[in-house]
Structure formats: structure tokens, C-alpha cells
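Coordinates from structure_12.pdb are shown below (PDB, C-alpha atoms and all ligand atoms).
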```
MODEL        1
ATOM      1  CA  MET I   1       8.959 -37.634  -2.071
ATOM      2  CA  THR I   2       6.735 -34.963  -3.581
ATOM      3  CA  THR I   3       8.409 -31.749  -4.640
ATOM      4  CA  ILE I   4       6.434 -28.575  -4.139
ATOM      5  CA  PRO I   5       6.608 -26.474  -7.332
ATOM      6  CA  ILE I   6       8.070 -22.992  -6.941
ATOM      7  CA  PRO I   7       5.286 -20.466  -7.500
ATOM      8  CA  HIS I   8       5.439 -18.786 -10.845
ATOM      9  CA  ARG I   9       4.137 -15.336 -10.029
ATOM     10  CA  VAL I  10       6.061 -12.627  -8.175
ATOM     11  CA  ALA I  11       4.706  -9.755  -6.095
ATOM     12  CA  VAL I  12       6.709  -6.768  -4.850
ATOM     13  CA  VAL I  13       5.414  -4.941  -1.773
ATOM     14  CA  THR I  14       7.001  -1.723  -0.519
ATOM     15  CA  GLY I  15       6.856  -0.931   3.183
ATOM     16  CA  GLY I  16       6.475  -4.671   3.649
ATOM     17  CA  ALA I  17       8.247  -5.085   6.990
ATOM     18  CA  ARG I  18       5.167  -4.528   9.127
ATOM     19  CA  GLY I  19       1.548  -3.379   9.243
ATOM     20  CA  ILE I  20      -0.550  -3.315   6.085
ATOM     21  CA  GLY I  21       2.436  -4.080   3.799
ATOM     22  CA  LEU I  22       3.357  -7.228   5.720
ATOM     23  CA  ALA I  23      -0.264  -8.442   5.586
ATOM     24  CA  ILE I  24      -0.286  -7.826   1.823
ATOM     25  CA  GLY I  25       2.928  -9.869   1.489
ATOM     26  CA  GLN I  26       1.307 -12.685   3.467
ATOM     27  CA  TRP I  27      -1.791 -12.555   1.234
ATOM     28  CA  PHE I  28       0.383 -13.027  -1.859
ATOM     29  CA  LEU I  29       2.268 -15.926  -0.249
ATOM     30  CA  ASP I  30      -1.064 -17.537   0.664
ATOM     31  CA  HIS I  31      -2.171 -17.196  -2.954
ATOM     32  CA  GLY I  32       0.797 -18.769  -4.690
ATOM     33  CA  TYR I  33       3.184 -15.886  -5.303
ATOM     34  CA  ARG I  34       6.840 -15.419  -4.473
ATOM     35  CA  VAL I  35       7.176 -12.134  -2.608
ATOM     36  CA  ALA I  36       9.803  -9.378  -2.434
ATOM     37  CA  LEU I  37       9.391  -7.085   0.555
ATOM     38  CA  ILE I  38      11.058  -3.669   0.325
ATOM     39  CA  ASP I  39      11.543  -1.575   3.461
ATOM     40  CA  ARG I  40      13.954   0.987   4.869
ATOM     41  CA  ASP I  41      13.683  -0.397   8.428
ATOM     42  CA  ALA I  42      16.359  -3.104   8.192
ATOM     43  CA  ALA I  43      15.816  -4.674  11.642
ATOM     44  CA  THR I  44      12.031  -5.016  11.306
ATOM     45  CA  LEU I  45      12.396  -6.253   7.721
ATOM     46  CA  THR I  46      14.922  -8.933   8.695
ATOM     47  CA  ALA I  47      12.685 -10.133  11.528
ATOM     48  CA  ALA I  48       9.647 -10.299   9.214
ATOM     49  CA  VAL I  49      11.533 -12.133   6.437
ATOM     50  CA  ASP I  50      13.108 -14.599   8.916
ATOM     51  CA  LYS I  51       9.679 -15.368  10.383
ATOM     52  CA  LEU I  52       8.057 -15.873   6.968
ATOM     53  CA  GLN I  53      10.939 -18.048   5.749
ATOM     54  CA  GLY I  54      10.699 -20.106   8.945
ATOM     55  CA  GLU I  55       6.982 -20.657   8.357
ATOM     56  CA  ARG I  56       7.022 -21.169   4.584
ATOM     57  CA  GLY I  57      10.545 -22.197   3.629
ATOM     58  CA  HIS I  58      13.312 -20.380   1.783
ATOM     59  CA  GLY I  59      13.134 -19.207  -1.812
ATOM     60  CA  LEU I  60       9.679 -17.671  -1.555
ATOM     61  CA  VAL I  61      10.443 -14.461   0.311
ATOM     62  CA  PHE I  62      13.140 -11.891  -0.436
ATOM     63  CA  GLY I  63      13.760  -8.855   1.769
ATOM     64  CA  LEU I  64      15.359  -5.707   0.364
ATOM     65  CA  HIS I  65      16.619  -2.874   2.515
ATOM     66  CA  CYS I  66      15.778   0.223   0.478
ATOM     67  CA  ASN I  67      14.451   3.756   0.803
ATOM     68  CA  VAL I  68      11.723   4.095  -1.825
ATOM     69  CA  ALA I  69      12.423   7.831  -2.094
ATOM     70  CA  ASP I  70      15.976   7.224  -3.346
ATOM     71  CA  PRO I  71      16.146   6.482  -7.103
ATOM     72  CA  GLU I  72      19.491   4.653  -6.926
ATOM     73  CA  GLU I  73      18.401   2.448  -4.039
ATOM     74  CA  VAL I  74      15.127   1.657  -5.818
ATOM     75  CA  ASN I  75      16.873   0.729  -9.073
ATOM     76  CA  SER I  76      19.344  -1.455  -7.212
ATOM     77  CA  ALA I  77      16.600  -3.232  -5.207
ATOM     78  CA  VAL I  78      14.446  -3.875  -8.263
ATOM     79  CA  GLY I  79      17.526  -5.132 -10.162
ATOM     80  CA  GLN I  80      18.161  -7.605  -7.322
ATOM     81  CA  ILE I  81      14.531  -8.769  -7.443
ATOM     82  CA  ASP I  82      14.821  -9.303 -11.207
ATOM     83  CA  ALA I  83      18.059 -11.257 -10.728
ATOM     84  CA  ALA I  84      16.547 -13.428  -7.972
ATOM     85  CA  PHE I  85      13.021 -14.000  -9.300
ATOM     86  CA  GLY I  86      13.240 -13.117 -13.014
ATOM     87  CA  ARG I  87       9.807 -11.530 -13.266
ATOM     88  CA  ILE I  88       7.356  -9.190 -11.534
ATOM     89  CA  ASP I  89       3.599  -9.666 -11.832
ATOM     90  CA  ALA I  90       2.297  -7.394  -9.086
ATOM     91  CA  LEU I  91       3.641  -4.249  -7.445
ATOM     92  CA  VAL I  92       2.033  -2.725  -4.355
ATOM     93  CA  ASN I  93       3.238   0.773  -3.534
ATOM     94  CA  ASN I  94       2.416   0.732   0.162
ATOM     95  CA  ALA I  95       5.392   2.442   1.888
ATOM     96  CA  GLY I  96       4.190   5.647   3.462
ATOM     97  CA  ILE I  97       4.737   8.074   6.296
ATOM     98  CA  ALA I  98       2.382  10.461   8.064
ATOM     99  CA  VAL I  99       2.917  13.901   9.574
ATOM    100  CA  PHE I 100      -0.250  15.300  11.147
ATOM    101  CA  LYS I 101       0.288  19.002  11.862
ATOM    102  CA  PRO I 102      -1.459  22.320  11.175
ATOM    103  CA  ILE I 103      -0.427  24.056   7.948
ATOM    104  CA  GLY I 104       1.502  26.742   9.821
ATOM    105  CA  GLU I 105       3.494  24.211  11.831
ATOM    106  CA  THR I 106       4.361  21.839   8.993
ATOM    107  CA  SER I 107       7.974  22.554   8.100
ATOM    108  CA  PHE I 108       9.163  22.483   4.496
ATOM    109  CA  ASP I 109      11.376  19.507   5.405
ATOM    110  CA  GLU I 110       8.347  17.593   6.721
ATOM    111  CA  TRP I 111       6.324  18.494   3.614
ATOM    112  CA  GLN I 112       9.136  17.366   1.318
ATOM    113  CA  ASN I 113       9.744  14.179   3.256
ATOM    114  CA  VAL I 114       6.086  13.122   3.093
ATOM    115  CA  MET I 115       5.934  13.941  -0.628
ATOM    116  CA  SER I 116       9.157  12.129  -1.427
ATOM    117  CA  VAL I 117       8.251   8.893   0.377
ATOM    118  CA  ASN I 118       4.517   8.715  -0.400
ATOM    119  CA  LEU I 119       4.367  10.232  -3.877
ATOM    120  CA  SER I 120       7.875  10.067  -5.374
ATOM    121  CA  GLY I 121       8.388   6.592  -3.879
ATOM    122  CA  THR I 122       5.282   5.377  -5.721
ATOM    123  CA  PHE I 123       6.486   6.992  -8.956
ATOM    124  CA  LEU I 124      10.037   5.620  -8.647
ATOM    125  CA  CYS I 125       9.112   2.040  -7.723
ATOM    126  CA  SER I 126       6.558   1.879 -10.539
ATOM    127  CA  GLN I 127       9.049   3.255 -13.049
ATOM    128  CA  ALA I 128      11.665   0.687 -11.986
ATOM    129  CA  CYS I 129       9.271  -2.297 -12.001
ATOM    130  CA  VAL I 130       7.278  -1.607 -15.163
ATOM    131  CA  PRO I 131       9.980  -2.674 -17.670
ATOM    132  CA  ILE I 132      10.225  -6.040 -15.860
ATOM    133  CA  MET I 133       6.429  -6.358 -15.648
ATOM    134  CA  ARG I 134       6.213  -5.706 -19.387
ATOM    135  CA  ARG I 135       8.451  -8.719 -20.021
ATOM    136  CA  SER I 136       6.042 -11.009 -18.149
ATOM    137  CA  SER I 137       2.679 -12.124 -19.334
ATOM    138  CA  LEU I 138       0.211 -10.745 -16.808
ATOM    139  CA  GLN I 139      -2.634 -12.991 -17.970
ATOM    140  CA  ASP I 140      -2.729 -14.617 -14.532
ATOM    141  CA  GLY I 141      -3.634 -11.286 -12.995
ATOM    142  CA  GLY I 142      -1.281  -8.704 -11.597
ATOM    143  CA  GLY I 143      -0.675  -5.046 -12.149
ATOM    144  CA  ILE I 144      -0.002  -2.211  -9.757
ATOM    145  CA  VAL I 145      -1.922  -1.170  -6.643
ATOM    146  CA  ASN I 146      -1.064   2.131  -4.995
ATOM    147  CA  ILE I 147      -2.052   2.588  -1.354
ATOM    148  CA  ALA I 148      -3.763   5.942  -0.941
ATOM    149  CA  SER I 149      -5.998   6.856   2.024
ATOM    150  CA  ILE I 150      -9.398   8.295   2.855
ATOM    151  CA  SER I 151      -7.269  11.381   3.647
ATOM    152  CA  GLY I 152      -6.623  11.611  -0.110
ATOM    153  CA  LEU I 153     -10.336  11.452  -0.924
ATOM    154  CA  ARG I 154     -11.421  14.272   1.355
ATOM    155  CA  ALA I 155      -9.655  17.072   3.178
ATOM    156  CA  SER I 156      -9.298  17.013   6.920
ATOM    157  CA  THR I 157      -7.449  19.137   9.456
ATOM    158  CA  LEU I 158      -3.749  18.439  10.156
ATOM    159  CA  ARG I 159      -3.249  16.502   6.925
ATOM    160  CA  VAL I 160      -1.881  19.188   4.625
ATOM    161  CA  ALA I 161       1.150  17.113   3.616
ATOM    162  CA  TYR I 162      -0.216  13.592   4.128
ATOM    163  CA  GLY I 163      -3.634  14.250   2.556
ATOM    164  CA  THR I 164      -2.146  16.121  -0.392
ATOM    165  CA  SER I 165       0.365  13.321  -1.027
ATOM    166  CA  LYS I 166      -2.434  10.730  -0.973
ATOM    167  CA  ALA I 167      -4.674  12.782  -3.285
ATOM    168  CA  ALA I 168      -1.706  13.028  -5.646
ATOM    169  CA  ILE I 169      -1.263   9.242  -5.493
ATOM    170  CA  ILE I 170      -4.884   8.889  -6.630
ATOM    171  CA  HIS I 171      -4.222  11.063  -9.666
ATOM    172  CA  LEU I 172      -0.898   9.331 -10.337
ATOM    173  CA  THR I 173      -2.847   6.039 -10.319
ATOM    174  CA  LYS I 174      -5.125   7.352 -13.068
ATOM    175  CA  GLN I 175      -2.181   8.653 -15.105
ATOM    176  CA  GLN I 176      -0.492   5.261 -14.813
ATOM    177  CA  ALA I 177      -3.714   3.370 -15.618
ATOM    178  CA  VAL I 178      -4.258   5.344 -18.801
ATOM    179  CA  GLU I 179      -0.699   4.916 -20.050
ATOM    180  CA  LEU I 180       0.161   1.435 -18.785
ATOM    181  CA  GLY I 181      -3.265  -0.035 -19.577
ATOM    182  CA  THR I 182      -2.231   0.117 -23.223
ATOM    183  CA  VAL I 183       0.555  -2.390 -22.489
ATOM    184  CA  GLY I 184      -1.628  -4.641 -20.332
ATOM    185  CA  ILE I 185      -0.659  -3.368 -16.886
ATOM    186  CA  ARG I 186      -3.695  -2.433 -14.784
ATOM    187  CA  VAL I 187      -3.191   0.209 -12.094
ATOM    188  CA  ASN I 188      -5.627   0.833  -9.245
ATOM    189  CA  ALA I 189      -5.597   2.430  -5.811
ATOM    190  CA  VAL I 190      -6.903   1.282  -2.455
ATOM    191  CA  ALA I 191      -7.834   4.027  -0.013
ATOM    192  CA  PRO I 192      -7.917   2.503   3.458
ATOM    193  CA  GLY I 193      -9.882   3.940   6.323
ATOM    194  CA  PRO I 194      -8.294   3.759   9.775
ATOM    195  CA  VAL I 195      -6.429   0.512  10.464
ATOM    196  CA  ASP I 196      -4.729  -0.363  13.739
ATOM    197  CA  THR I 197      -1.026  -0.294  12.857
ATOM    198  CA  GLU I 198       2.089   1.325  14.314
ATOM    199  CA  MET I 199       1.443   4.342  12.082
ATOM    200  CA  ALA I 200      -2.125   4.715  13.374
ATOM    201  CA  LYS I 201      -0.927   4.370  16.973
ATOM    202  CA  LEU I 202       1.433   7.299  16.392
ATOM    203  CA  VAL I 203      -1.130   9.712  14.978
ATOM    204  CA  HIS I 204      -4.530   8.595  16.326
ATOM    205  CA  SER I 205      -5.228   9.884  19.836
ATOM    206  CA  VAL I 206      -7.920   8.322  22.040
ATOM    207  CA  ALA I 207     -10.299  11.119  20.989
ATOM    208  CA  ILE I 208      -9.567  10.559  17.277
ATOM    209  CA  ARG I 209     -10.188   6.834  17.685
ATOM    210  CA  SER I 210     -13.522   7.475  19.309
ATOM    211  CA  ASP I 211     -14.497   9.961  16.564
ATOM    212  CA  TYR I 212     -13.659   7.406  13.875
ATOM    213  CA  HIS I 213     -15.841   4.798  15.558
ATOM    214  CA  ASP I 214     -18.640   7.347  15.616
ATOM    215  CA  VAL I 215     -18.465   8.363  11.930
ATOM    216  CA  ILE I 216     -17.742   4.965  10.344
ATOM    217  CA  PRO I 217     -21.000   3.131   9.575
ATOM    218  CA  LEU I 218     -19.397  -0.229  10.453
ATOM    219  CA  ASN I 219     -18.416   1.370  13.752
ATOM    220  CA  ARG I 220     -14.849   0.039  13.910
ATOM    221  CA  TYR I 221     -11.322   0.240  12.512
ATOM    222  CA  GLY I 222     -10.391  -1.989   9.584
ATOM    223  CA  THR I 223      -7.906  -4.834   9.883
ATOM    224  CA  VAL I 224      -4.679  -5.283   7.920
ATOM    225  CA  GLU I 225      -6.143  -8.498   6.491
ATOM    226  CA  GLU I 226      -9.159  -6.622   5.098
ATOM    227  CA  ILE I 227      -6.906  -4.155   3.289
ATOM    228  CA  ALA I 228      -4.680  -6.988   2.023
ATOM    229  CA  ALA I 229      -7.676  -8.917   0.648
ATOM    230  CA  SER I 230      -8.834  -5.900  -1.381
ATOM    231  CA  VAL I 231      -5.326  -5.370  -2.782
ATOM    232  CA  GLY I 232      -5.075  -9.067  -3.609
ATOM    233  CA  PHE I 233      -8.431  -8.982  -5.377
ATOM    234  CA  LEU I 234      -7.284  -6.045  -7.549
ATOM    235  CA  CYS I 235      -4.190  -8.042  -8.562
ATOM    236  CA  SER I 236      -6.199 -11.185  -9.306
ATOM    237  CA  PRO I 237      -7.773 -12.336 -12.597
ATOM    238  CA  ALA I 238     -11.166 -11.591 -11.007
ATOM    239  CA  ALA I 239     -10.319  -7.886 -11.425
ATOM    240  CA  SER I 240      -9.075  -8.248 -15.003
ATOM    241  CA  TYR I 241     -11.226  -5.369 -16.361
ATOM    242  CA  ILE I 242     -10.713  -2.993 -13.408
ATOM    243  CA  ASN I 243      -8.246  -0.255 -14.275
ATOM    244  CA  GLY I 244      -7.755   3.281 -12.948
ATOM    245  CA  GLN I 245     -10.131   2.890  -9.998
ATOM    246  CA  VAL I 246      -9.894   3.954  -6.373
ATOM    247  CA  ILE I 247     -11.525   1.581  -3.904
ATOM    248  CA  ALA I 248     -12.165   2.965  -0.439
ATOM    249  CA  VAL I 249     -11.849   0.141   2.067
ATOM    250  CA  ASP I 250     -13.186   2.158   4.935
ATOM    251  CA  GLY I 251     -16.313   0.678   6.497
ATOM    252  CA  GLY I 252     -18.479   3.203   4.636
ATOM    253  CA  PHE I 253     -16.723   6.386   5.836
ATOM    254  CA  GLU I 254     -16.383   7.887   2.355
ATOM    255  CA  SER I 255     -20.025   7.275   1.493
ATOM    256  CA  ALA I 256     -21.391   8.647   4.731
ATOM    257  CA  GLY I 257     -19.138  11.634   5.199
ATOM    258  CA  VAL I 258     -19.398  13.073   8.670
ATOM    259  CA  GLY I 259     -23.223  13.023   8.455
ATOM    260  CA  LEU I 260     -25.387  14.672  11.079
ATOM    261  CA  PRO I 261     -24.587  13.567  14.629
ATOM    262  CA  THR I 262     -28.293  13.514  15.599
ATOM    263  CA  LEU I 263     -29.236  11.303  12.655
ATOM    264  CA  ARG I 264     -26.216   9.020  13.221
ATOM    265  CA  LYS I 265     -27.612   8.114  16.636
ATOM    266  CA  MET I 266     -30.827   6.783  15.008
ATOM    267  CA  LYS I 267     -30.152   3.120  14.267
ATOM    268  CA  ALA I 268     -31.774   1.258  11.357
TER     269      ALA I 268
HETATM  270  P1  LIG I 301       3.396   1.432   9.153
HETATM  271  O1  LIG I 301       4.110   2.651   9.591
HETATM  272  O2  LIG I 301       2.995   0.441  10.187
HETATM  273  O3  LIG I 301       4.230   0.670   8.024
HETATM  274  C1  LIG I 301       4.813   1.384   6.975
HETATM  275  C2  LIG I 301       6.064   0.674   6.538
HETATM  276  O4  LIG I 301       6.640   1.446   5.471
HETATM  277  C3  LIG I 301       7.118   0.559   7.635
HETATM  278  O5  LIG I 301       7.651  -0.737   7.706
HETATM  279  C4  LIG I 301       8.176   1.579   7.222
HETATM  280  O6  LIG I 301       9.498   1.260   7.647
HETATM  281  C5  LIG I 301       8.038   1.549   5.709
HETATM  282  N1  LIG I 301       8.551   2.760   5.091
HETATM  283  C6  LIG I 301       8.297   4.040   5.462
HETATM  284  N2  LIG I 301       9.008   4.884   4.711
HETATM  285  C7  LIG I 301       9.728   4.120   3.839
HETATM  286  C8  LIG I 301      10.663   4.419   2.817
HETATM  287  N3  LIG I 301      11.028   5.686   2.545
HETATM  288  N4  LIG I 301      11.193   3.396   2.115
HETATM  289  C9  LIG I 301      10.854   2.121   2.389
HETATM  290  N5  LIG I 301       9.990   1.780   3.367
HETATM  291  C10 LIG I 301       9.437   2.770   4.076
HETATM  292  O7  LIG I 301       2.131   1.967   8.331
HETATM  293  P2  LIG I 301       0.771   1.254   7.863
HETATM  294  O8  LIG I 301      -0.303   1.756   8.748
HETATM  295  O9  LIG I 301       0.969  -0.193   7.667
HETATM  296  O10 LIG I 301       0.569   2.005   6.476
HETATM  297  C11 LIG I 301       0.855   1.413   5.225
HETATM  298  C12 LIG I 301       0.260   2.301   4.142
HETATM  299  O11 LIG I 301      -1.151   2.441   4.346
HETATM  300  C13 LIG I 301       0.829   3.736   4.144
HETATM  301  O12 LIG I 301       0.964   4.184   2.812
HETATM  302  C14 LIG I 301      -0.263   4.524   4.849
HETATM  303  O13 LIG I 301      -0.263   5.880   4.482
HETATM  304  C15 LIG I 301      -1.502   3.810   4.361
HETATM  305  N6  LIG I 301      -2.664   4.014   5.204
HETATM  306  C16 LIG I 301      -2.680   3.599   6.512
HETATM  307  C17 LIG I 301      -3.793   3.818   7.305
HETATM  308  C18 LIG I 301      -3.852   3.398   8.728
HETATM  309  O14 LIG I 301      -4.813   3.772   9.428
HETATM  310  N7  LIG I 301      -2.916   2.634   9.255
HETATM  311  C19 LIG I 301      -4.987   4.493   6.755
HETATM  312  C20 LIG I 301      -4.865   4.878   5.376
HETATM  313  C21 LIG I 301      -3.743   4.645   4.637
ENDMDL
END
```

Kindly present the structure from the file in C-alpha cells form.
Amino acid sequence: MTTIPIPHRVAVVTGGARGIGLAIGQWFLDHGYRVALIDRDAATLTAAVDKLQGERGHGLVFGLHCNVADPEEVNSAVGQIDAAFGRIDALVNNAGIAVFKPIGETSFDEWQNVMSVNLSGTFLCSQACVPIMRRSSLQDGGGIVNIASISGLRASTLRVAYGTSKAAIIHLTKQQAVELGTVGIRVNAVAPGPVDTEMAKLVHSVAIRSDYHDVIPLNRYGTVEEIAASVGFLCSPAASYINGQVIAVDGGFESAGVGLPTLRKMKA
């Protein structure tokens, strides 16, 4: 009987119970990593972990119920990952929430909540994982990828909290890249364009969807697999000299801007 070796490398993905985070977890499993999925939605997390373990066997996937905005919960979850897997090669700070409201209608609670999950969660999970990452040799690739958004690259109505949190994640990425690069941990950000997930369904109306199709040169939403592949690439040895960068995975939205409607109608 042949024994299948347990993969060496370990990836941690926050917000991994569904959507983009789950697809990122699957990418790592497909590429020979053990994966720890962190999420605060216990029921969805359990279902996702059960399904992955059913498909791929036990020992490769670990689910941790944790709110990334709570320092004690984060430290406890990362301690459990260290105890179970003994190393961390890649961390993807993907957990995020969106509130789309005008400035005057965004309550202080909503502002603080978005900042604490999106921005503080990224800070806290990185701070907890880095000492473990420093113990591992990251020569096989690895590092940190923070999930930002096109809303962090340019301002847009209704995104005062969400857009500001994502712009801050982009700067945090650069701060981390500068400091952690010196100890061999690369840190980059992926800024997705619109992707059909539960989050997008909540905040993208029919009119918004149609507008996105109009202004995105590729004329469509992205898929979770496309975002996962870009994150995976940044964690791979192929990206070994990429540090402190923001990659917009957005079908060309960032390059084109809103453009001129009349010119957009003229096809190449
Ligand atoms: P989603 O809402 O489908 O999944 C997010 C996951 O994060 C959920 O499982 C949720 O339970 C978890 N989560 C939320 N707050 C948490 C917390 N405090 N602690 C632990 N887990 C928490 O969202 P989606 O679309 O998969 O988004 C993932 C990331 O991609 C987010 O950071 C989002 O801002 C970003 N993004 C998404 C875009 C889209 O169009 N879907 C576009 C640009 C960026």
C-alpha cells in the first residue's frame, strides 16, 4: 500500500468558510498545502471543513471558529494552528465585511465594525502568525497576502467605511512588506474587482451589476477561482521577488477608470 505523504507547507486563510476565502483554501489544498480556515460563522465553517475533509481526507484541513477582530480569539486560534500543524508558510487576510451607505448615514458603530474586521483583523492575524512564520523556512514560497479591493484603489460613493478600510489595508501591506521583507516574509495585496459571492449579492443591486459590466473592459464579474489563483501565485516561489505590491484582479477596471461612455461603446 502506498502512503500519501502529509504536505509540508501550511496556509492560513481568514474568512475561509465561503466565497473567495474558501476558493483560496481549495487552491492551497490543490497545490500541496495543509490549510487552516478561520471564520466567525461556525455553521458555514463546519459545513465547509466537513465537505473538504470528505473529499480530501482528514489531517489536511483545520477549521477555527474565531472573530479576527478579537485579539484573544486570534491568539488562541493561531496557537491551535501552531499546535496542530507546527508551522505557517502562507497567511491570507481575507475576512471582510461591507457596509455601503452615504457618509451621513454611516453610524459610528458601522464605521468601527468595518475598520475592526477589515483593518484591525488583518493587523492582528498578521501579528499572531508572523512569529510562527519566522520559525519556518519560507524558501518554498509563502508570505502574506492581504485582500483589499478596487474600492481601496479609488473612491466611490457609499464606500466611506469599506473603501477607507481597504485603502488602509493597501498601506498596511506596504508597511508590513518593508519591515517583514527584512526577515524573508513577503507581503502583497490583491485588490479584487466585483466577484459573485454572498457579500456581492448583499450590496450589488441589479443596476450596480449592469454598471460594472459596462465599465469593466472584460465585461464581466470575476470568479472566486480567478482571485484564488492570483493569491496562490503571490504565495508561490514564482513570485519570490514580489514584495509590497498591490495587484488589481479586476478585468481591467482600475486601468480604464470609468472612461467615456461614448468611447466605451466603440469596440476594437
Ligand atoms: P463573503 O461575505 O462571501 O465571505 C467573507 C467571509 O468572511 C465569511 O465567511 C464571513 O463569515 C467571514 N468573516 C466576516 N467577518 C469575520 C470576522 N470578524 N472574523 C472571521 N471571519 C469573518 O465575502 P467575499 O465576497 O468572499 O469577500 C472576501 C474578501 O474579498 C473580503 O475581504 C472582501 O472585502 C473582498 N472583496 C470582495 C469583492 C466581491 O465582489 N465579492 C470585491 C473586492 C474585495

List every residue of chain I that has an atom at most 8 Å from any atom of ligand LIG 301 (chain I), and for each one report the closest atom pair and its distance in Å to one decimal, counting all atoms listed in the file, with rows sorted by chain and then by increasing residue number, as CSV.
```
residue,atom,partner,partner_atom,distance
I:Thr14,CA,I:LIG301,N5,6.0
I:Gly15,CA,I:LIG301,O4,3.3
I:Gly16,CA,I:LIG301,O5,5.8
I:Ala17,CA,I:LIG301,O5,4.4
I:Arg18,CA,I:LIG301,O5,4.7
I:Gly19,CA,I:LIG301,O9,3.6
I:Ile20,CA,I:LIG301,O9,3.8
I:Gly21,CA,I:LIG301,O9,5.7
I:Leu22,CA,I:LIG301,O9,7.7
I:Ile38,CA,I:LIG301,C9,6.2
I:Asp39,CA,I:LIG301,N5,3.7
I:Arg40,CA,I:LIG301,C9,4.1
I:Asp41,CA,I:LIG301,O6,4.6
I:Thr44,CA,I:LIG301,O5,7.1
I:Leu45,CA,I:LIG301,O5,7.3
I:His65,CA,I:LIG301,C9,7.6
I:Cys66,CA,I:LIG301,C9,5.6
I:Asn67,CA,I:LIG301,N4,3.5
I:Val68,CA,I:LIG301,N4,4.0
I:Ala69,CA,I:LIG301,N3,5.3
I:Asp70,CA,I:LIG301,N3,7.8
I:Asn93,CA,I:LIG301,O12,7.6
I:Asn94,CA,I:LIG301,O12,4.6
I:Ala95,CA,I:LIG301,O4,3.9
I:Gly96,CA,I:LIG301,O12,3.6
I:Ile97,CA,I:LIG301,C6,5.4
I:Ala98,CA,I:LIG301,O13,6.4
I:Ser116,CA,I:LIG301,N3,7.8
I:Val117,CA,I:LIG301,N3,4.8
I:Asn118,CA,I:LIG301,O12,6.6
I:Gly121,CA,I:LIG301,N3,7.0
I:Ile147,CA,I:LIG301,O12,5.4
I:Ala148,CA,I:LIG301,C21,5.7
I:Ser149,CA,I:LIG301,C20,4.1
I:Ile150,CA,I:LIG301,C20,6.2
I:Ser151,CA,I:LIG301,C20,7.1
I:Tyr162,CA,I:LIG301,O13,7.7
I:Lys166,CA,I:LIG301,O13,7.6
I:Ala191,CA,I:LIG301,C20,6.2
I:Pro192,CA,I:LIG301,C20,4.3
I:Gly193,CA,I:LIG301,C19,4.9
I:Pro194,CA,I:LIG301,O14,3.5
I:Val195,CA,I:LIG301,O14,3.8
I:Asp196,CA,I:LIG301,N7,5.7
I:Thr197,CA,I:LIG301,O8,4.6
I:Glu198,CA,I:LIG301,O2,4.3
I:Met199,CA,I:LIG301,O1,4.0
I:Ala200,CA,I:LIG301,N7,4.7
I:Val224,CA,I:LIG301,O9,7.6
```

Inset, instruction - Can you turn the PyMOL selection byres (((chain I and resi 108-112) around 9) and not hetatm) into a concrete residue list for this file, as a list in words? - result: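 Given this file, the PyMOL selection byres (((chain I and resi 108-112) around 9) and not hetatm) evaluates to Val99, Thr106, Ser107, Asn113, Val114, Met115, Ser116, Val117, Val160, Ala161 and Tyr162 of chain I.
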
Inset, instruction - Work out how far atom CA of I:Ile185 is from atom CA of I:Gly79, in Å to one decimal. - result: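 Result for atom CA of I:Gly79 versus atom CA of I:Ile185: 19.5 Å, one decimal.
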
Legend entry - atom CA of I:Gly143 to atom CA of I:His58, straight-line distance in Å: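 One can read the atom CA of I:His58 to atom CA of I:Gly143 distance as 25.0 Å.
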
Inset, instruction - Starting from the displayed file, determine the output of the PyMOL selection byres (((chain I and resi 246-252) around 7) and not hetatm) and express the residue list as a list in words. - result: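 Given this file, the PyMOL selection byres (((chain I and resi 246-252) around 7) and not hetatm) evaluates to Ile150, Asn188, Ala189, Val190, Ala191, Pro192, Gly193, Ile216, Pro217, Leu218, Gly222, Ile227, Gly244, Gln245, Phe253, Glu254, Ser255 and Ala256 of chain I.
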
Inset, instruction - Would you kindly translate the PyMOL selection byres (((chain I and resi 128-132) around 9) and not hetatm) into the concrete residues it picks from this file, as a count of residues only? - result: 23

Inset, instruction - Work out how far apart atom CA of I:Val35 and atom CA of I:Val10 are and give it in Å to one decimal. - result: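 These two atoms are separated by 5.7 Å.
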
At a cut-off of 12 Å, can you tabulate as JSON lines every residue of stretch 25-47 of chain I near stretch 233-237 of chain I together with its closest atom pair and the distance in Å to one decimal, using only C-alpha atoms and ordering rows by chain then number?
```
{"residue": "I:Trp27", "atom": "CA", "partner": "I:Phe233", "partner_atom": "CA", "distance": 10.0}
{"residue": "I:Phe28", "atom": "CA", "partner": "I:Cys235", "partner_atom": "CA", "distance": 9.5}
{"residue": "I:His31", "atom": "CA", "partner": "I:Ser236", "partner_atom": "CA", "distance": 9.6}
{"residue": "I:Gly32", "atom": "CA", "partner": "I:Ser236", "partner_atom": "CA", "distance": 11.3}
{"residue": "I:Tyr33", "atom": "CA", "partner": "I:Ser236", "partner_atom": "CA", "distance": 11.2}
```

Inset, instruction - Considering only C-alpha atoms, state which residue in the set I:Val92, I:Gly181, I:Asp30, I:Gly25 is at the smallest distance from I:Ala48. - result: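 So, comparing all the options, the nearest one is I:Gly25.
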
Inset, instruction - Choose the residue, out of I:Phe100, I:His204, I:Lys265, I:Gly142, that has the smallest atom-to-atom separation from I:Asn219; count all atoms listed in the file. - result: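 Once distances to I:Asn219 are computed over all atoms listed in the file, the minimum belongs to I:Lys265.
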
Taking all atoms of stretch 80-89 of chain I that the file lists, what box with edges along x, y and z, padded by 3 Å per side, do you get, with centre and edge lengths in Å to one decimal, as lines of an AutoDock Vina configuration file?
```
center_x = 10.9
center_y = -10.8
center_z = -10.3
size_x = 20.6
size_y = 12.4
size_z = 11.9
```

Inset, instruction - Counting only C-alpha atoms, figure out which residue out of I:Asn146, I:Phe62, I:Ile169, I:Ile24 gets nearest to I:Ala83. - result: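 Distance minimum relative to I:Ala83 lands on I:Phe62.
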
Inset, instruction - Find, counting only C-alpha atoms, the residue in I:Gly59, I:Gly54, I:Gly232, I:Gly163 that gets nearest to I:Val145. - result: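 When distances to I:Val145 are compared using only C-alpha atoms, the smallest one comes from I:Gly232.
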
Legend entry - Which residue of I:Ala207, I:Lys174, I:Ala229, I:Ala43 approaches I:Leu64 most closely, using all atoms listed in the file: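 Of the candidates, the smallest distance to I:Leu64 is held by I:Ala43.
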